[in-house]
Amino acid sequence: MKKVLNSDVVIASEEELRFTTQMLIRYASDYYKAYEALVEKYPKFGDLFPVKYFLVCRSLELAMKAYLRESGLTKQEVKSHSHDLEKLMKAVQVKGVVFSPIIQETIKFVNLTYRPKDFEYPEMGTKEVPELSPLASMVSLVINLATSKYMRRKGIMPKGEDLPDDVPIPDFP
């Protein structure tokens with residue numbers, strides 16, 4: 001619930017303040033770093049494949065949610081997309097992010113397994129999944145987009161500048 005001081009000023013609830021862009025970026029980055037560490041230790045595709053896919057998909061989900069949160073959506077509006085990568089992708093596209101047709105199809109394809117949580121609670125049968133490395137590369141870009149948008153709003157980075165690849169993700173306040 002939001003507290004209204006007068007008709008011009010609205011203060012966000014404590015619950016809204018806990019669901020921040022910064023927190024979502026941090027978690028997206030942490031899931032992505034875990035994926036990278038796992039790939040380094042277990043480079044073969046078949047080694048821990050559901051875990052690798054889960055980490056990339058969760059990172060993508062949180063990065064897109066961070067972008068939406070930074071674009072002004074409320075906690076409830078962001079959470080209404082649940083774990084549906086395709087719905088999140090469409091919402092992010094409305095906010096100006098452009099995904100190539102190949103990436104769009106890749107997200108739709110991996111979402112068939114991610115959304116029903118089949119990487120976590122597998123059903124019997126063969127899984128068809130897209131190649132992971134292009135999806136993982138795109139996740140890194142979405143994390144950087146959300147981080148850039150956040151840093152510009154905070155005045156940490158001027159508009160028009162790109163985020164370097166090695167920029168640290170801002171810590172919690």
# chains A, B, ... in the order shown; residues from 1 in each chain; ligands from 1

call {"tool": "residues_around", "arguments": {"residues": "region 60-71 of chain A", "least_positions_apart": "6", "cutoff": "10 Å", "atoms": "only C-alpha atoms", "output": "tab-separated table (two decimals) with C-alpha atoms, in the first residue's frame"}}
result
chain	number	residue	atom	x	y	z
A	19	PHE	CA	11.92	-4.68	-4.65
A	20	THR	CA	14.48	-2.42	-6.29
A	21	THR	CA	16.22	-2.30	-9.63
A	22	GLN	CA	19.51	-2.55	-7.77
A	23	MET	CA	18.48	-5.76	-6.01
A	24	LEU	CA	17.23	-7.32	-9.24
A	25	ILE	CA	20.45	-6.40	-11.06
A	26	ARG	CA	22.53	-7.86	-8.22
A	27	TYR	CA	20.65	-11.16	-8.29
A	28	ALA	CA	20.66	-11.36	-12.11
A	29	SER	CA	24.40	-10.79	-12.05
A	31	TYR	CA	22.99	-16.07	-11.20
A	32	TYR	CA	24.98	-15.23	-14.33
A	54	PHE	CA	18.19	-22.65	-15.14
A	77	GLU	CA	3.31	-4.85	-12.48
A	78	VAL	CA	6.72	-6.53	-12.76
A	79	LYS	CA	5.67	-9.57	-10.75
A	81	HIS	CA	4.82	-11.41	-15.59
A	82	SER	CA	5.74	-14.24	-13.21
A	83	HIS	CA	8.47	-16.50	-14.63
A	84	ASP	CA	7.28	-16.12	-18.23
A	85	LEU	CA	10.31	-15.08	-20.28
A	86	GLU	CA	8.21	-14.44	-23.37
A	88	LEU	CA	8.85	-10.29	-19.99
A	89	MET	CA	10.54	-10.01	-23.38
A	91	ALA	CA	7.17	-5.96	-21.96
A	92	VAL	CA	10.84	-5.01	-22.30
A	93	GLN	CA	10.39	-4.52	-26.05
A	94	VAL	CA	7.54	-2.08	-25.35
A	95	LYS	CA	10.07	-0.12	-23.26
A	96	GLY	CA	12.46	0.11	-26.22
A	97	VAL	CA	14.77	-2.92	-26.05
A	107	ILE	CA	13.61	-17.01	-25.71
A	135	LEU	CA	21.24	-16.90	-24.93
A	136	ALA	CA	23.89	-16.46	-22.24
A	138	MET	CA	22.28	-11.89	-24.58
A	139	VAL	CA	21.67	-12.14	-20.82
A	140	SER	CA	24.91	-10.29	-20.18
A	141	LEU	CA	23.72	-7.51	-22.50
A	142	VAL	CA	20.34	-7.19	-20.75
A	143	ILE	CA	22.09	-6.99	-17.37
A	144	ASN	CA	24.27	-4.19	-18.80
A	145	LEU	CA	21.21	-2.38	-20.22
A	146	ALA	CA	19.45	-2.46	-16.86
A	147	THR	CA	22.63	-1.39	-15.07
A	148	SER	CA	23.22	1.49	-17.52
A	149	LYS	CA	19.65	2.72	-17.12
A	150	TYR	CA	19.97	2.55	-13.33
A	153	ARG	CA	19.13	7.72	-13.29

call {"tool": "select_by_dssp", "arguments": {"residues": "region 9-169 of chain A", "states": "helix (DSSP H, G or I)", "output": "VMD selection string"}}
result
chain A and resid 14 to 18 21 to 41 49 to 70 75 to 79 85 to 94 101 to 114 132 to 153

call {"tool": "write_last_selection", "arguments": {"atoms": "C-alpha atoms", "output": "compact mmCIF listing (two decimals), in the first residue's frame"}}
result
# COMPACT_ATOMS: atom_id res chain seq x y z
CA GLU A 14 8.23 -0.31 2.37
CA GLU A 15 7.41 -3.40 0.28
CA GLU A 16 7.92 -1.41 -2.96
CA LEU A 17 11.25 -0.09 -1.69
CA ARG A 18 12.56 -3.62 -1.04
CA THR A 21 16.22 -2.30 -9.63
CA GLN A 22 19.51 -2.55 -7.77
CA MET A 23 18.48 -5.76 -6.01
CA LEU A 24 17.23 -7.32 -9.24
CA ILE A 25 20.45 -6.40 -11.06
CA ARG A 26 22.53 -7.86 -8.22
CA TYR A 27 20.65 -11.16 -8.29
CA ALA A 28 20.66 -11.36 -12.11
CA SER A 29 24.40 -10.79 -12.05
CA ASP A 30 24.94 -13.40 -9.32
CA TYR A 31 22.99 -16.07 -11.20
CA TYR A 32 24.98 -15.23 -14.33
CA LYS A 33 28.31 -15.43 -12.48
CA ALA A 34 27.27 -18.83 -11.11
CA TYR A 35 26.54 -19.96 -14.68
CA GLU A 36 29.96 -18.76 -15.86
CA ALA A 37 31.71 -20.54 -12.98
CA LEU A 38 29.82 -23.74 -13.73
CA VAL A 39 30.69 -23.61 -17.44
CA GLU A 40 34.34 -23.07 -16.59
CA LYS A 41 34.40 -26.11 -14.31
CA PHE A 49 22.88 -29.02 -18.39
CA PRO A 50 19.59 -28.32 -16.55
CA VAL A 51 21.44 -26.29 -13.93
CA LYS A 52 23.24 -24.23 -16.58
CA TYR A 53 19.98 -23.50 -18.38
CA PHE A 54 18.19 -22.65 -15.14
CA LEU A 55 20.91 -20.19 -14.11
CA VAL A 56 20.89 -18.44 -17.50
CA CYS A 57 17.08 -18.29 -17.63
CA ARG A 58 16.75 -17.02 -14.06
CA SER A 59 19.40 -14.41 -14.75
CA LEU A 60 17.52 -13.33 -17.89
CA GLU A 61 14.23 -13.17 -15.98
CA LEU A 62 15.72 -10.97 -13.26
CA ALA A 63 17.61 -8.74 -15.72
CA MET A 64 14.41 -8.08 -17.70
CA LYS A 65 12.52 -7.43 -14.45
CA ALA A 66 15.26 -4.98 -13.41
CA TYR A 67 14.91 -3.17 -16.72
CA LEU A 68 11.13 -2.97 -16.31
CA ARG A 69 11.44 -1.81 -12.71
CA GLU A 70 13.90 0.88 -13.75
CA LYS A 75 6.53 -4.28 -8.04
CA GLN A 76 3.08 -5.73 -8.79
CA GLU A 77 3.31 -4.85 -12.48
CA VAL A 78 6.72 -6.53 -12.76
CA LYS A 79 5.67 -9.57 -10.75
CA LEU A 85 10.31 -15.08 -20.28
CA GLU A 86 8.21 -14.44 -23.37
CA LYS A 87 5.85 -12.05 -21.54
CA LEU A 88 8.85 -10.29 -19.99
CA MET A 89 10.54 -10.01 -23.38
CA LYS A 90 7.43 -8.40 -24.89
CA ALA A 91 7.17 -5.96 -21.96
CA VAL A 92 10.84 -5.01 -22.30
CA GLN A 93 10.39 -4.52 -26.05
CA VAL A 94 7.54 -2.08 -25.35
CA PRO A 101 14.30 -12.35 -34.42
CA ILE A 102 16.69 -15.21 -33.61
CA ILE A 103 16.94 -14.20 -29.94
CA GLN A 104 13.15 -13.78 -29.78
CA GLU A 105 12.67 -17.31 -31.08
CA THR A 106 15.35 -18.62 -28.70
CA ILE A 107 13.61 -17.01 -25.71
CA LYS A 108 10.23 -18.40 -26.79
CA PHE A 109 11.76 -21.87 -27.22
CA VAL A 110 13.60 -22.01 -23.88
CA ASN A 111 10.52 -20.56 -22.16
CA LEU A 112 8.62 -23.76 -23.02
CA THR A 113 10.84 -25.53 -20.48
CA TYR A 114 11.61 -22.65 -18.09
CA LEU A 132 22.88 -21.93 -24.63
CA SER A 133 25.83 -19.68 -25.48
CA PRO A 134 23.91 -17.11 -27.61
CA LEU A 135 21.24 -16.90 -24.93
CA ALA A 136 23.89 -16.46 -22.24
CA SER A 137 25.59 -13.68 -24.23
CA MET A 138 22.28 -11.89 -24.58
CA VAL A 139 21.67 -12.14 -20.82
CA SER A 140 24.91 -10.29 -20.18
CA LEU A 141 23.72 -7.51 -22.50
CA VAL A 142 20.34 -7.19 -20.75
CA ILE A 143 22.09 -6.99 -17.37
CA ASN A 144 24.27 -4.19 -18.80
CA LEU A 145 21.21 -2.38 -20.22
CA ALA A 146 19.45 -2.46 -16.86
CA THR A 147 22.63 -1.39 -15.07
CA SER A 148 23.22 1.49 -17.52
CA LYS A 149 19.65 2.72 -17.12
CA TYR A 150 19.97 2.55 -13.33
CA MET A 151 23.35 4.30 -13.26
CA ARG A 152 22.13 7.09 -15.56
CA ARG A 153 19.13 7.72 -13.29

call {"tool": "decode", "arguments": {"residues": "region 37-53 of chain A", "atoms": "N, CA and C atoms", "output": "short mmCIF file (atom, residue, chain, number, x, y, z; two decimals), in the first residue's frame"}}
result
data_model
loop_
_atom_site.label_atom_id
_atom_site.label_comp_id
_atom_site.auth_asym_id
_atom_site.auth_seq_id
_atom_site.Cartn_x
_atom_site.Cartn_y
_atom_site.Cartn_z
N ALA A 37 30.83 -19.68 -13.78
CA ALA A 37 31.71 -20.54 -12.98
C ALA A 37 31.45 -22.01 -13.27
N LEU A 38 30.20 -22.35 -13.44
CA LEU A 38 29.82 -23.74 -13.73
C LEU A 38 30.34 -24.17 -15.10
N VAL A 39 30.21 -23.30 -16.09
CA VAL A 39 30.69 -23.61 -17.44
C VAL A 39 32.21 -23.78 -17.45
N GLU A 40 32.88 -22.96 -16.66
CA GLU A 40 34.34 -23.07 -16.59
C GLU A 40 34.76 -24.42 -15.99
N LYS A 41 34.05 -24.85 -14.97
CA LYS A 41 34.40 -26.11 -14.31
C LYS A 41 33.88 -27.33 -15.08
N TYR A 42 32.71 -27.20 -15.72
CA TYR A 42 32.07 -28.29 -16.46
C TYR A 42 31.73 -27.81 -17.86
N PRO A 43 32.72 -27.75 -18.76
CA PRO A 43 32.49 -27.16 -20.09
C PRO A 43 31.65 -28.01 -21.05
N LYS A 44 31.59 -29.33 -20.84
CA LYS A 44 30.83 -30.17 -21.77
C LYS A 44 29.33 -29.89 -21.64
N PHE A 45 28.63 -29.88 -22.78
CA PHE A 45 27.21 -29.55 -22.81
C PHE A 45 26.40 -30.40 -21.83
N GLY A 46 26.60 -31.70 -21.84
CA GLY A 46 25.79 -32.60 -21.04
C GLY A 46 26.01 -32.50 -19.55
N ASP A 47 27.15 -31.94 -19.14
CA ASP A 47 27.45 -31.82 -17.71
C ASP A 47 26.56 -30.76 -17.06
N LEU A 48 25.71 -31.20 -16.18
CA LEU A 48 24.84 -30.31 -15.41
C LEU A 48 23.99 -29.39 -16.29
N PHE A 49 23.56 -29.89 -17.44
CA PHE A 49 22.88 -29.02 -18.39
C PHE A 49 21.62 -28.36 -17.83
N PRO A 50 20.78 -29.04 -17.03
CA PRO A 50 19.59 -28.32 -16.55
C PRO A 50 19.94 -27.18 -15.61
N VAL A 51 21.02 -27.34 -14.86
CA VAL A 51 21.44 -26.29 -13.93
C VAL A 51 21.95 -25.08 -14.71
N LYS A 52 22.73 -25.32 -15.75
CA LYS A 52 23.24 -24.23 -16.58
C LYS A 52 22.09 -23.45 -17.20
N TYR A 53 21.12 -24.16 -17.76
CA TYR A 53 19.98 -23.50 -18.38
C TYR A 53 19.16 -22.74 -17.34
#
